[in-house]
Amino acid sequence: MPSEFEIIQRYFSRPARHALLGVGDDAALLMPEPGAALAVSTDMLLEGRHFERGANPRLLGHKALAVNLSDMAATGATPRWATLAIALPAADEAWLAEFAEGFYALAGRFEVDLVGGDTTRGPLTLCVAILGEVPAGLAHTRGGARPGDDIWVSGELGGAAYALHDAGNAAAAQRLHQPEPRVELGERLRGIASAAIDVSDGFAQDLGHILERSGVGAVVHYALLPKFPCSDAQLQQRCVLAGGDDYELAFTAPQSARGELDALAASLGLALTRVGSIQPGDARLQLLDAAGKPMAAARGFDHFA
């Protein structure tokens, strides 16, 4: 059985393209671009909480990094460097090889360097910290939405949650296990979006974070939300509004940006859907059905529920 240091050397040591010093020392040495702000985020995936026991290790490698890349997208940052802390029940080399393959395949697409981390024995836990760069003053936050702004959503909502109800639906399973982080969209929204968040815990709950930080309200028309296909209308509603794990971007932008955003959607080949508007007043989401009547949304994912 390989030691901790052999695991690091065999599976998690590759030359760093954007770091002065990567894996193998007490700390990595990074050199951000002049004038760039650093964006930093950390996410943890725990067996039995975020994924099932026996989950495909290659897909776990992908998702462990993808959820962090999604945070960079929401911030408008270009991802550069990541660290990985991993607890393993045993040093299973076949499992490690597949996990590393999934992780590095996605890291390579976005030119992200793995520059450090830690390994230990314990319940299977994956923790990635990611760092990115964004031109100073152009980062998206949750606090910039203003009354009159449009509310937009990328892609479709509800597919990942639907996979938990229909494991045989291949398209839904891909949304859950291989989410596509909207990094390029996030970068190209710089200077356009007034606020942004990634939809990780449910659309209604995550949009609520923008409302709270911005001190505004919102009206959203449920019929306009882009929905993953489902024949059960009630199940679809729960998945779309409260399911989470979509890793699409919800963002606000001035009405004057509508043409620019339509052109951006065409350029990216990615649906960007206008679903509502920001209103003055309390941080409250008013969700309307097709008849214009108020409707309720279940609370999204709670890590301590």
# chains A, B, ... in the order shown; residues from 1 in each chain; ligands from 1
call {"tool": "residues_around", "arguments": {"residues": "A:Gly61", "least_positions_apart": "2", "cutoff": "7 Å", "atoms": "only C-alpha atoms", "output": "ChimeraX atom specification"}}
result
/A:57-59,63-65,99-100,102-103
call {"tool": "residues_around", "arguments": {"residues": "A:Thr42", "least_positions_apart": "3", "cutoff": "12 Å", "atoms": "only C-alpha atoms", "output": "short mmCIF file (atom, residue, chain, number, x, y, z; two decimals) with C-alpha atoms, in the first residue's frame"}}
result
data_model
loop_
_atom_site.label_atom_id
_atom_site.label_comp_id
_atom_site.auth_asym_id
_atom_site.auth_seq_id
_atom_site.Cartn_x
_atom_site.Cartn_y
_atom_site.Cartn_z
CA ALA A 39 -10.67 35.36 -5.93
CA LEU A 45 -17.70 17.01 -0.78
CA ALA A 64 -14.73 18.11 -6.88
CA LEU A 65 -13.10 20.71 -9.13
CA ALA A 66 -16.21 21.72 -11.10
CA VAL A 67 -18.07 23.05 -8.06
CA ASN A 68 -15.12 25.33 -7.31
CA LEU A 69 -14.79 26.45 -10.92
CA SER A 70 -18.46 27.43 -10.70
CA ASP A 71 -17.64 29.80 -7.83
CA MET A 72 -14.96 31.40 -10.01
CA TRP A 81 -4.63 27.46 -9.01
CA ALA A 82 -6.21 24.80 -6.78
CA THR A 83 -5.30 22.78 -3.72
CA LEU A 84 -6.80 19.41 -2.82
CA ALA A 85 -7.19 17.96 0.67
CA LEU A 126 -12.77 15.85 -0.80
CA CYS A 127 -11.92 19.49 -0.17
CA VAL A 128 -10.75 21.79 -2.96
CA ALA A 129 -9.64 25.38 -2.54
CA ILE A 130 -9.38 27.40 -5.73
CA LEU A 131 -7.80 30.74 -6.56
CA GLY A 132 -8.48 32.87 -9.60
#
call {"tool": "select_by_dssp", "arguments": {"residues": "stretch 94-298 of chain A", "states": "helix (DSSP H, G or I)", "output": "PyMOL selection string"}}
result
chain A and resi 94-109+159-163+170-177+183-188+203-214+222-224+233-242+255-268
call {"tool": "closest_residue", "arguments": {"among": "A:Ala204, A:Cys230, A:Leu114, A:Ala74", "to": "A:Phe251", "atoms": "only C-alpha atoms"}}
result
A:Ala74
call {"tool": "closest_residue", "arguments": {"among": "A:Arg142, A:Arg109, A:Arg238, A:His221", "to": "A:Tyr162", "atoms": "only C-alpha atoms"}}
result
A:Arg238
call {"tool": "residues_around", "arguments": {"residues": "A:Leu38", "least_positions_apart": "2", "cutoff": "9 Å", "atoms": "only C-alpha atoms", "output": "tab-separated table (two decimals) with C-alpha atoms, in the first residue's frame"}}
result
chain	number	residue	atom	x	y	z
A	32	PRO	CA	-0.76	36.93	-9.83
A	36	ALA	CA	-5.58	41.58	-10.75
A	40	VAL	CA	-10.58	32.47	-3.44
A	77	ALA	CA	-12.67	35.25	-12.19
A	131	LEU	CA	-7.80	30.74	-6.56
A	132	GLY	CA	-8.48	32.87	-9.60
A	133	GLU	CA	-7.74	36.29	-11.00
A	134	VAL	CA	-10.16	39.04	-11.96
A	135	PRO	CA	-9.32	42.58	-13.13
A	136	ALA	CA	-9.59	44.94	-10.20
call {"tool": "closest_residue", "arguments": {"among": "A:Asp166, A:Asp282, A:Glu187, A:Asp245", "to": "A:Glu212", "atoms": "only C-alpha atoms"}}
result
A:Asp282
call {"tool": "closest_residue", "arguments": {"among": "A:Gly300, A:Gly76, A:Gly243, A:Gly217", "to": "A:Ser194", "atoms": "only C-alpha atoms"}}
result
A:Gly76
call {"tool": "residues_around", "arguments": {"residues": "A:Leu88", "least_positions_apart": "5", "cutoff": "10 Å", "atoms": "only C-alpha atoms", "output": "list in words"}}
result
Leu96, Thr119, Thr120, Arg121, Gly122, Pro123, Leu124, Thr125 and Leu126 of chain A
call {"tool": "write_last_selection", "arguments": {"atoms": "all heavy atoms", "output": "PDB file, in the first residue's frame"}}
result
ATOM      1  N   LEU A  96      -7.601   5.945  -6.935  1.00  0.00           N
ATOM      2  CA  LEU A  96      -6.835   7.185  -7.023  1.00  0.00           C
ATOM      3  C   LEU A  96      -6.517   7.557  -8.467  1.00  0.00           C
ATOM      4  O   LEU A  96      -6.596   8.728  -8.858  1.00  0.00           O
ATOM      5  CB  LEU A  96      -5.538   7.054  -6.217  1.00  0.00           C
ATOM      6  CG  LEU A  96      -5.692   7.169  -4.702  1.00  0.00           C
ATOM      7  CD1 LEU A  96      -4.468   6.600  -3.996  1.00  0.00           C
ATOM      8  CD2 LEU A  96      -5.899   8.635  -4.305  1.00  0.00           C
ATOM      9  N   THR A 119      -3.205  14.789   2.267  1.00  0.00           N
ATOM     10  CA  THR A 119      -3.866  13.484   2.230  1.00  0.00           C
ATOM     11  C   THR A 119      -3.779  12.842   3.608  1.00  0.00           C
ATOM     12  O   THR A 119      -2.799  13.039   4.343  1.00  0.00           O
ATOM     13  CB  THR A 119      -3.201  12.534   1.207  1.00  0.00           C
ATOM     14  OG1 THR A 119      -1.823  12.359   1.549  1.00  0.00           O
ATOM     15  CG2 THR A 119      -3.292  13.098  -0.199  1.00  0.00           C
ATOM     16  N   THR A 120      -4.828  12.080   3.937  1.00  0.00           N
ATOM     17  CA  THR A 120      -4.830  11.366   5.209  1.00  0.00           C
ATOM     18  C   THR A 120      -5.839  10.227   5.126  1.00  0.00           C
ATOM     19  O   THR A 120      -6.635  10.155   4.195  1.00  0.00           O
ATOM     20  CB  THR A 120      -5.184  12.317   6.375  1.00  0.00           C
ATOM     21  OG1 THR A 120      -4.971  11.656   7.620  1.00  0.00           O
ATOM     22  CG2 THR A 120      -6.641  12.765   6.293  1.00  0.00           C
ATOM     23  N   ARG A 121      -5.798   9.320   6.094  1.00  0.00           N
ATOM     24  CA  ARG A 121      -6.787   8.258   6.168  1.00  0.00           C
ATOM     25  C   ARG A 121      -8.000   8.758   6.952  1.00  0.00           C
ATOM     26  O   ARG A 121      -7.858   9.409   7.990  1.00  0.00           O
ATOM     27  CB  ARG A 121      -6.204   7.018   6.854  1.00  0.00           C
ATOM     28  CG  ARG A 121      -7.195   5.845   6.915  1.00  0.00           C
ATOM     29  CD  ARG A 121      -6.609   4.685   7.707  1.00  0.00           C
ATOM     30  NE  ARG A 121      -5.483   4.070   7.027  1.00  0.00           N
ATOM     31  CZ  ARG A 121      -5.579   3.105   6.113  1.00  0.00           C
ATOM     32  NH1 ARG A 121      -6.779   2.668   5.762  1.00  0.00           N
ATOM     33  NH2 ARG A 121      -4.518   2.602   5.551  1.00  0.00           N
ATOM     34  N   GLY A 122      -9.182   8.424   6.461  1.00  0.00           N
ATOM     35  CA  GLY A 122     -10.402   8.825   7.143  1.00  0.00           C
ATOM     36  C   GLY A 122     -11.604   8.608   6.244  1.00  0.00           C
ATOM     37  O   GLY A 122     -11.469   8.101   5.126  1.00  0.00           O
ATOM     38  N   PRO A 123     -12.812   8.979   6.706  1.00  0.00           N
ATOM     39  CA  PRO A 123     -14.006   8.883   5.858  1.00  0.00           C
ATOM     40  C   PRO A 123     -13.793   9.689   4.583  1.00  0.00           C
ATOM     41  O   PRO A 123     -13.218  10.782   4.624  1.00  0.00           O
ATOM     42  CB  PRO A 123     -15.106   9.497   6.734  1.00  0.00           C
ATOM     43  CG  PRO A 123     -14.596   9.385   8.134  1.00  0.00           C
ATOM     44  CD  PRO A 123     -13.107   9.525   8.039  1.00  0.00           C
ATOM     45  N   LEU A 124     -14.247   9.159   3.454  1.00  0.00           N
ATOM     46  CA  LEU A 124     -13.961   9.778   2.168  1.00  0.00           C
ATOM     47  C   LEU A 124     -14.485  11.210   2.120  1.00  0.00           C
ATOM     48  O   LEU A 124     -15.688  11.458   2.167  1.00  0.00           O
ATOM     49  CB  LEU A 124     -14.575   8.957   1.030  1.00  0.00           C
ATOM     50  CG  LEU A 124     -14.284   9.446  -0.394  1.00  0.00           C
ATOM     51  CD1 LEU A 124     -12.787   9.562  -0.647  1.00  0.00           C
ATOM     52  CD2 LEU A 124     -14.931   8.524  -1.417  1.00  0.00           C
ATOM     53  N   THR A 125     -13.544  12.155   2.037  1.00  0.00           N
ATOM     54  CA  THR A 125     -13.850  13.575   2.043  1.00  0.00           C
ATOM     55  C   THR A 125     -12.939  14.271   1.040  1.00  0.00           C
ATOM     56  O   THR A 125     -11.727  14.021   1.020  1.00  0.00           O
ATOM     57  CB  THR A 125     -13.625  14.192   3.440  1.00  0.00           C
ATOM     58  OG1 THR A 125     -14.369  13.438   4.405  1.00  0.00           O
ATOM     59  CG2 THR A 125     -14.063  15.641   3.478  1.00  0.00           C
ATOM     60  N   LEU A 126     -13.508  15.132   0.229  1.00  0.00           N
ATOM     61  CA  LEU A 126     -12.770  15.854  -0.800  1.00  0.00           C
ATOM     62  C   LEU A 126     -12.944  17.347  -0.555  1.00  0.00           C
ATOM     63  O   LEU A 126     -14.067  17.843  -0.491  1.00  0.00           O
ATOM     64  CB  LEU A 126     -13.303  15.506  -2.190  1.00  0.00           C
ATOM     65  CG  LEU A 126     -13.523  14.020  -2.478  1.00  0.00           C
ATOM     66  CD1 LEU A 126     -14.307  13.836  -3.768  1.00  0.00           C
ATOM     67  CD2 LEU A 126     -12.179  13.292  -2.555  1.00  0.00           C
TER      68      LEU A 126
END
call {"tool": "closest_residue", "arguments": {"among": "A:Ile278, A:Ala170, A:Leu211, A:Ala16", "to": "A:Val112", "atoms": "only C-alpha atoms"}}
result
A:Ala16
call {"tool": "atom_distance", "arguments": {"atom1": "atom CA of A:Ala290", "atom2": "atom CA of A:Cys239"}}
result
17.8 Å
call {"tool": "atom_distance", "arguments": {"atom1": "atom CA of A:Arg299", "atom2": "atom CA of A:Gly54"}}
result
28.5 Å
call {"tool": "residues_around", "arguments": {"residues": "A:Asp289", "least_positions_apart": "4", "cutoff": "7 Å", "atoms": "only C-alpha atoms", "output": "list in words"}}
result
His221, Tyr222, Ala223, Lys293, Pro294 and Met295 of chain A
call {"tool": "write_last_selection", "arguments": {"atoms": "all heavy atoms", "output": "PDB file, in the first residue's frame"}}
result
ATOM      1  N   HIS A 221     -41.068  35.125 -12.779  1.00  0.00           N
ATOM      2  CA  HIS A 221     -42.178  34.420 -13.396  1.00  0.00           C
ATOM      3  C   HIS A 221     -41.765  32.966 -13.604  1.00  0.00           C
ATOM      4  O   HIS A 221     -40.892  32.676 -14.425  1.00  0.00           O
ATOM      5  CB  HIS A 221     -42.557  35.082 -14.714  1.00  0.00           C
ATOM      6  CG  HIS A 221     -42.953  36.520 -14.563  1.00  0.00           C
ATOM      7  ND1 HIS A 221     -44.241  36.911 -14.256  1.00  0.00           N
ATOM      8  CD2 HIS A 221     -42.216  37.660 -14.633  1.00  0.00           C
ATOM      9  CE1 HIS A 221     -44.290  38.223 -14.162  1.00  0.00           C
ATOM     10  NE2 HIS A 221     -43.079  38.706 -14.382  1.00  0.00           N
ATOM     11  N   TYR A 222     -42.425  32.070 -12.869  1.00  0.00           N
ATOM     12  CA  TYR A 222     -42.040  30.660 -12.915  1.00  0.00           C
ATOM     13  C   TYR A 222     -42.101  30.102 -14.334  1.00  0.00           C
ATOM     14  O   TYR A 222     -41.251  29.304 -14.733  1.00  0.00           O
ATOM     15  CB  TYR A 222     -42.931  29.841 -11.983  1.00  0.00           C
ATOM     16  CG  TYR A 222     -42.636  28.355 -12.045  1.00  0.00           C
ATOM     17  CD1 TYR A 222     -41.492  27.835 -11.444  1.00  0.00           C
ATOM     18  CD2 TYR A 222     -43.488  27.477 -12.715  1.00  0.00           C
ATOM     19  CE1 TYR A 222     -41.193  26.489 -11.513  1.00  0.00           C
ATOM     20  CE2 TYR A 222     -43.205  26.128 -12.782  1.00  0.00           C
ATOM     21  CZ  TYR A 222     -42.051  25.632 -12.184  1.00  0.00           C
ATOM     22  OH  TYR A 222     -41.753  24.294 -12.262  1.00  0.00           O
ATOM     23  N   ALA A 223     -43.076  30.520 -15.104  1.00  0.00           N
ATOM     24  CA  ALA A 223     -43.231  29.999 -16.461  1.00  0.00           C
ATOM     25  C   ALA A 223     -42.015  30.311 -17.335  1.00  0.00           C
ATOM     26  O   ALA A 223     -41.758  29.608 -18.318  1.00  0.00           O
ATOM     27  CB  ALA A 223     -44.497  30.563 -17.103  1.00  0.00           C
ATOM     28  N   LYS A 293     -50.368  34.731 -10.288  1.00  0.00           N
ATOM     29  CA  LYS A 293     -50.674  34.591  -8.865  1.00  0.00           C
ATOM     30  C   LYS A 293     -49.433  34.144  -8.097  1.00  0.00           C
ATOM     31  O   LYS A 293     -48.616  33.368  -8.615  1.00  0.00           O
ATOM     32  CB  LYS A 293     -51.796  33.569  -8.663  1.00  0.00           C
ATOM     33  CG  LYS A 293     -53.117  33.983  -9.295  1.00  0.00           C
ATOM     34  CD  LYS A 293     -54.182  32.935  -9.053  1.00  0.00           C
ATOM     35  CE  LYS A 293     -55.514  33.351  -9.675  1.00  0.00           C
ATOM     36  NZ  LYS A 293     -56.561  32.313  -9.470  1.00  0.00           N
ATOM     37  N   PRO A 294     -49.285  34.598  -6.841  1.00  0.00           N
ATOM     38  CA  PRO A 294     -48.120  34.213  -6.048  1.00  0.00           C
ATOM     39  C   PRO A 294     -48.070  32.710  -5.820  1.00  0.00           C
ATOM     40  O   PRO A 294     -49.104  32.046  -5.651  1.00  0.00           O
ATOM     41  CB  PRO A 294     -48.329  34.960  -4.724  1.00  0.00           C
ATOM     42  CG  PRO A 294     -49.229  36.094  -5.062  1.00  0.00           C
ATOM     43  CD  PRO A 294     -50.133  35.587  -6.145  1.00  0.00           C
ATOM     44  N   MET A 295     -46.878  32.161  -5.820  1.00  0.00           N
ATOM     45  CA  MET A 295     -46.686  30.751  -5.526  1.00  0.00           C
ATOM     46  C   MET A 295     -45.497  30.620  -4.591  1.00  0.00           C
ATOM     47  O   MET A 295     -44.618  31.490  -4.529  1.00  0.00           O
ATOM     48  CB  MET A 295     -46.449  29.945  -6.809  1.00  0.00           C
ATOM     49  CG  MET A 295     -45.302  30.413  -7.662  1.00  0.00           C
ATOM     50  SD  MET A 295     -45.172  29.549  -9.269  1.00  0.00           S
ATOM     51  CE  MET A 295     -44.764  27.880  -8.743  1.00  0.00           C
TER      52      MET A 295
END
call {"tool": "atom_distance", "arguments": {"atom1": "atom CA of A:Ser200", "atom2": "atom CA of A:Ala87"}}
result
23.3 Å
call {"tool": "residues_around", "arguments": {"residues": "A:Thr75", "least_positions_apart": "6", "cutoff": "8 Å", "atoms": "only C-alpha atoms", "output": "PyMOL selection string"}}
result
chain A and resi 39+139-141+186+196-197
call {"tool": "select_by_dssp", "arguments": {"residues": "stretch 122-297 of chain A", "states": "strand (DSSP E)", "output": "ChimeraX atom specification"}}
result
/A:125-135,150-154,195-198,217-221,249-253,272-279,285-288,294-295
call {"tool": "write_last_selection", "arguments": {"atoms": "C-alpha atoms", "output": "mmCIF file, in the first residue's frame"}}
result
data_model
loop_
_atom_site.group_PDB
_atom_site.id
_atom_site.type_symbol
_atom_site.label_atom_id
_atom_site.label_comp_id
_atom_site.auth_asym_id
_atom_site.auth_seq_id
_atom_site.Cartn_x
_atom_site.Cartn_y
_atom_site.Cartn_z
ATOM 1 C CA THR A 125 -13.850 13.575 2.043
ATOM 2 C CA LEU A 126 -12.770 15.854 -0.800
ATOM 3 C CA CYS A 127 -11.924 19.492 -0.170
ATOM 4 C CA VAL A 128 -10.746 21.786 -2.956
ATOM 5 C CA ALA A 129 -9.642 25.375 -2.535
ATOM 6 C CA ILE A 130 -9.377 27.398 -5.729
ATOM 7 C CA LEU A 131 -7.798 30.742 -6.565
ATOM 8 C CA GLY A 132 -8.478 32.869 -9.598
ATOM 9 C CA GLU A 133 -7.745 36.291 -10.998
ATOM 10 C CA VAL A 134 -10.156 39.035 -11.959
ATOM 11 C CA PRO A 135 -9.318 42.575 -13.132
ATOM 12 C CA ASP A 150 -33.353 42.136 -15.203
ATOM 13 C CA ILE A 151 -32.823 38.691 -13.667
ATOM 14 C CA TRP A 152 -31.205 36.105 -15.947
ATOM 15 C CA VAL A 153 -30.416 32.394 -15.720
ATOM 16 C CA SER A 154 -28.037 30.333 -17.843
ATOM 17 C CA ALA A 195 -24.657 40.816 -9.401
ATOM 18 C CA ALA A 196 -24.222 37.058 -9.803
ATOM 19 C CA ILE A 197 -24.332 33.738 -7.972
ATOM 20 C CA ASP A 198 -24.026 30.110 -8.984
ATOM 21 C CA GLY A 217 -36.725 42.534 -3.805
ATOM 22 C CA ALA A 218 -37.522 40.568 -6.946
ATOM 23 C CA VAL A 219 -40.363 39.318 -9.102
ATOM 24 C CA VAL A 220 -39.752 36.056 -10.977
ATOM 25 C CA HIS A 221 -42.178 34.420 -13.396
ATOM 26 C CA LEU A 249 -25.372 31.201 -13.129
ATOM 27 C CA ALA A 250 -28.174 33.444 -11.922
ATOM 28 C CA PHE A 251 -27.303 37.084 -12.485
ATOM 29 C CA THR A 252 -28.758 40.547 -12.751
ATOM 30 C CA ALA A 253 -28.044 43.169 -15.401
ATOM 31 C CA LEU A 272 -29.491 32.919 -21.305
ATOM 32 C CA THR A 273 -33.071 33.439 -20.165
ATOM 33 C CA ARG A 274 -34.597 36.593 -18.698
ATOM 34 C CA VAL A 275 -36.920 35.426 -15.907
ATOM 35 C CA GLY A 276 -37.852 38.485 -13.850
ATOM 36 C CA SER A 277 -36.808 41.822 -12.464
ATOM 37 C CA ILE A 278 -35.305 43.432 -9.392
ATOM 38 C CA GLN A 279 -37.708 45.566 -7.351
ATOM 39 C CA LEU A 285 -38.715 37.017 -3.764
ATOM 40 C CA GLN A 286 -42.209 37.212 -5.268
ATOM 41 C CA LEU A 287 -42.675 34.121 -7.404
ATOM 42 C CA LEU A 288 -45.621 34.253 -9.817
ATOM 43 C CA PRO A 294 -48.120 34.213 -6.048
ATOM 44 C CA MET A 295 -46.686 30.751 -5.526
#
call {"tool": "residues_around", "arguments": {"residues": "A:Val216", "least_positions_apart": "6", "cutoff": "8 Å", "atoms": "only C-alpha atoms", "output": "ChimeraX atom specification"}}
result
/A:145-147,278-284
